[in-house]
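Novice: Before I ask anything, let me first share the structure, which is written out below as structure tokens.
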Amino acid sequence: MMTMDQKTFKRLFFEKKNGRSILKCIQCGTCSGSCPFGNDMDHAPRELFQLIRDGEMEEVLRSNTPWYCVSCYQCMTRCPKEIAVTDLMYTLKEMAVKNGFAPSHKMPDLYKSFSQTVKRFGRVTESLVMAGYGIKHPLDAMGALPLAVKLMFRKRFEVLPQKIGQPEKMKPFLTAGVEKEALE
Ligand code: SF4
Ligand code: SF4
């Protein structure tokens with residue numbers, strides 16, 4: 001699915017919250033050096049920002065980088081230009097899903113399972129997240145079982161659904177961005 005050209009991509013990105021802030025990026029690499037998943041990413045965050053500035057839509061939206069971001073905020077707290085790196089990773093995920101560039105790797109399915117659990121129960125229950133993900137990736141889920149059992153014994157893995165009083169109050173938080181796209 002190809003829904004926009006490179007020029008439109010750049011314009012739409014700049015219209016997003018904090019989108020234009022990447023113009024302040026000085027390519028210092030502090031964000032990339034701070035990122036715990038930098039080695040697994042197709043592009044370091046700073047490279048991604050340069051590619052956006054160059055209008056390289058497909059390379060940016062097909063990159064696994066935003067999907068490997070675990071929102072640790074290390075990059076944001078250290079960026080000398082106060083660029084909202086983490087928030088922009090969410091923007092890129094949203095744009096990738098909306099425009100049919102979401103990668104075929106497994107991270108989007110994990111996000112979907114996570115948000116469905118929160119939507120239904122108002123909070124995360126690890127067993128449900130793994131079960132939802134395991135429907136599409138059973139071998140992965142089976143492989144994670146030994147770790148789940150270990151965590152269970154240490155009381156770090158919930159098996160029974162944990163529900164908040166009014167889970168429907170969480171729904172507004174899931175009506176924007178990639179979670180909404182994944183749930184539709
Ligand atoms: S830390 Fe900030 S200024 Fe430096 S490369 Fe990353 S986004 Fe750009
Ligand atoms: S918030 Fe995301 S991009 Fe930034 S350092 Fe953490 S994992 Fe890396």
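Labeling convention for the structure tokens: chains A, B, ... as they appear, residues from 1 per chain, ligands from 1 in order of appearance.
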Using only C-alpha atoms and all ligand atoms, determine which residues fall within 9 Å of ligand 1, then list them as a ChimeraX atom specification.

Specialist: /A:21-34,44-47,49-50,75-85

Novice: Can you work out which residues are within 6 Å of ligand 2, considering only C-alpha atoms and all ligand atoms, and then hand them over as a PyMOL selection string?

Specialist: chain A and resi 34-37+69-75+86

Novice: Can those selected residues be exported to a file as a tab-separated table (two decimals), in the first residue's frame so that it contains C-alpha atoms?

Specialist:
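Result file is selection-v2.tsv:
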```
chain	number	residue	atom	x	y	z
A	34	SER	CA	22.33	6.18	25.09
A	35	CYS	CA	19.96	3.72	23.48
A	36	PRO	CA	19.95	0.23	25.02
A	37	PHE	CA	18.68	-1.27	21.75
A	69	CYS	CA	12.25	1.52	21.13
A	70	VAL	CA	11.27	0.55	24.66
A	71	SER	CA	10.46	4.11	25.76
A	72	CYS	CA	13.22	4.26	28.31
A	73	TYR	CA	13.58	8.03	27.67
A	74	GLN	CA	17.37	7.94	28.04
A	75	CYS	CA	17.74	9.71	24.70
A	86	THR	CA	10.96	8.89	22.31
```

Novice: Quick one: DSSP alpha helix (DSSP H) residues in chain A, as an NGL selection string?

Specialist: :A and (6-15 or 30-34 or 45-53 or 57-62 or 65-68 or 74-78 or 85-98 or 107-121 or 126-136 or 138-153 or 177-183)

Novice: Tell me, as a VMD selection string, which residues lie within 12 Å of Met142 (chain A), counting only C-alpha atoms; anything in the same chain fewer than 6 positions away does not count.

Specialist: chain A and resid 130 to 131 133 to 136 148 to 149

Novice: Only C-alpha atoms, please: the residues just picked out, written as a PDB file, in the first residue's frame.

Specialist:
```
ATOM      1  CA  MET A 130       1.776 -13.629  25.956  1.00  0.00           C
ATOM      2  CA  ALA A 131      -1.364 -15.599  25.047  1.00  0.00           C
ATOM      3  CA  TYR A 133       0.919 -12.772  21.017  1.00  0.00           C
ATOM      4  CA  GLY A 134       1.296 -16.563  21.109  1.00  0.00           C
ATOM      5  CA  ILE A 135      -1.719 -17.077  18.844  1.00  0.00           C
ATOM      6  CA  LYS A 136       0.329 -15.616  15.999  1.00  0.00           C
ATOM      7  CA  ALA A 148       7.413 -17.231  32.592  1.00  0.00           C
ATOM      8  CA  VAL A 149       7.502 -20.090  35.088  1.00  0.00           C
TER       9      VAL A 149
END
```

Novice: Near region 157-172 of chain A, within 9 Å and counting only C-alpha atoms, which residues show up once chain neighbours fewer than 6 positions away are dropped, as a PDB file with C-alpha atoms, in the first residue's frame?

Specialist:
```pdb
ATOM      1  CA  THR A 117      -5.240  -6.398  27.364  1.00  0.00           C
ATOM      2  CA  VAL A 118      -5.201  -2.846  28.685  1.00  0.00           C
ATOM      3  CA  LYS A 119      -8.380  -2.012  26.782  1.00  0.00           C
ATOM      4  CA  ARG A 120     -10.216  -4.974  28.269  1.00  0.00           C
ATOM      5  CA  PHE A 121      -8.945  -5.005  31.843  1.00  0.00           C
ATOM      6  CA  GLY A 122      -7.543  -1.533  32.354  1.00  0.00           C
ATOM      7  CA  ARG A 123      -4.066  -2.855  33.058  1.00  0.00           C
ATOM      8  CA  VAL A 124      -1.543  -5.382  31.831  1.00  0.00           C
ATOM      9  CA  THR A 125      -1.593  -9.057  32.744  1.00  0.00           C
ATOM     10  CA  GLU A 126       1.535 -10.747  31.450  1.00  0.00           C
ATOM     11  CA  SER A 127      -0.116 -14.125  30.743  1.00  0.00           C
ATOM     12  CA  LEU A 128      -2.773 -12.484  28.551  1.00  0.00           C
ATOM     13  CA  ALA A 148       7.413 -17.231  32.592  1.00  0.00           C
ATOM     14  CA  VAL A 149       7.502 -20.090  35.088  1.00  0.00           C
ATOM     15  CA  LYS A 150      10.613 -18.665  36.763  1.00  0.00           C
ATOM     16  CA  LEU A 151       8.994 -15.243  36.981  1.00  0.00           C
TER      17      LEU A 151
END
```

Novice: So how many Å separate CA of Met4 (chain A) and CA of Lys98 (chain A), to one decimal?

Specialist: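 Interatomic distance, CA of Met4 (chain A) to CA of Lys98 (chain A): 10.8 Å.
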
Novice: Choose the residue, out of A:Asn39, A:Ser115, A:Gln6, A:Asn18, that has the smallest atom-to-atom separation from Leu61 (chain A); count only C-alpha atoms.

Specialist: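 Of the candidates, the smallest distance to Leu61 (chain A) is held by A:Gln6.
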
Novice: Counting only C-alpha atoms, which of A:Pro138, A:Asp87, A:Arg62, A:Ala144 gets nearest to Phe101 (chain A)?

Specialist: A:Arg62

Novice: Grab the CA of Arg53 (chain A) to CA of Thr8 (chain A) distance for me, in Å with one decimal place.

Specialist: 12.2 Å

Novice: Could you pull the residues within 12 Å of Leu12 (chain A), counting only C-alpha atoms, minus those fewer than 5 positions along the same chain, as a ChimeraX atom specification?

Specialist: /A:4-7,17-20,52,55,57,91-92,94-95,99

Novice: Take the selection from the previous step and output its residues with N, CA and C atoms, as a JSON list (two decimals), in the first residue's frame.

Specialist:
```
[["chain", "number", "residue", "atom", "x", "y", "z"],
["A", 4, "MET", "N", 1.41, 7.82, 0.03],
["A", 4, "MET", "CA", 1.93, 9.19, -0.05],
["A", 4, "MET", "C", 3.32, 9.19, -0.67],
["A", 5, "ASP", "N", 3.67, 10.36, -1.21],
["A", 5, "ASP", "CA", 5.00, 10.47, -1.78],
["A", 5, "ASP", "C", 5.95, 11.03, -0.71],
["A", 6, "GLN", "N", 7.21, 11.16, -1.08],
["A", 6, "GLN", "CA", 8.21, 11.57, -0.09],
["A", 6, "GLN", "C", 7.95, 12.97, 0.45],
["A", 7, "LYS", "N", 7.49, 13.85, -0.46],
["A", 7, "LYS", "CA", 7.25, 15.23, -0.04],
["A", 7, "LYS", "C", 6.11, 15.29, 0.98],
["A", 17, "LYS", "N", 3.10, 16.61, 16.30],
["A", 17, "LYS", "CA", 3.64, 17.26, 17.50],
["A", 17, "LYS", "C", 5.15, 17.01, 17.60],
["A", 18, "ASN", "N", 5.91, 18.04, 17.76],
["A", 18, "ASN", "CA", 7.38, 17.99, 17.87],
["A", 18, "ASN", "C", 8.08, 17.55, 16.59],
["A", 19, "GLY", "N", 7.31, 17.39, 15.52],
["A", 19, "GLY", "CA", 7.91, 16.93, 14.27],
["A", 19, "GLY", "C", 9.03, 17.84, 13.78],
["A", 20, "ARG", "N", 8.78, 19.14, 13.83],
["A", 20, "ARG", "CA", 9.78, 20.09, 13.31],
["A", 20, "ARG", "C", 11.02, 20.17, 14.21],
["A", 52, "ILE", "N", 14.66, 11.44, 7.60],
["A", 52, "ILE", "CA", 13.39, 12.16, 7.50],
["A", 52, "ILE", "C", 13.63, 13.51, 6.83],
["A", 55, "GLY", "N", 13.75, 13.24, 3.38],
["A", 55, "GLY", "CA", 12.50, 12.77, 2.76],
["A", 55, "GLY", "C", 12.50, 11.31, 2.38],
["A", 57, "MET", "N", 11.14, 8.50, 2.83],
["A", 57, "MET", "CA", 9.95, 7.93, 3.46],
["A", 57, "MET", "C", 10.03, 6.41, 3.66],
["A", 91, "THR", "N", 5.31, 8.51, 16.94],
["A", 91, "THR", "CA", 4.80, 9.13, 15.72],
["A", 91, "THR", "C", 5.14, 8.27, 14.51],
["A", 92, "LEU", "N", 6.37, 7.78, 14.46],
["A", 92, "LEU", "CA", 6.80, 6.97, 13.31],
["A", 92, "LEU", "C", 6.07, 5.64, 13.26],
["A", 94, "GLU", "N", 3.06, 5.12, 14.34],
["A", 94, "GLU", "CA", 1.71, 5.45, 13.88],
["A", 94, "GLU", "C", 1.70, 5.63, 12.37],
["A", 95, "MET", "N", 2.68, 6.39, 11.86],
["A", 95, "MET", "CA", 2.72, 6.64, 10.41],
["A", 95, "MET", "C", 2.98, 5.35, 9.63],
["A", 99, "ASN", "N", 0.14, 3.82, 6.97],
["A", 99, "ASN", "CA", 0.47, 3.84, 5.55],
["A", 99, "ASN", "C", 0.95, 2.49, 5.02]]
```

Novice: Looking at only C-alpha atoms, which of A:Met107, A:Leu139, A:Leu51, A:Leu145 is the one that sits closest to Tyr68 (chain A)?

Specialist: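 Residue with the minimum atom-to-atom distance to Tyr68 (chain A): A:Met107.
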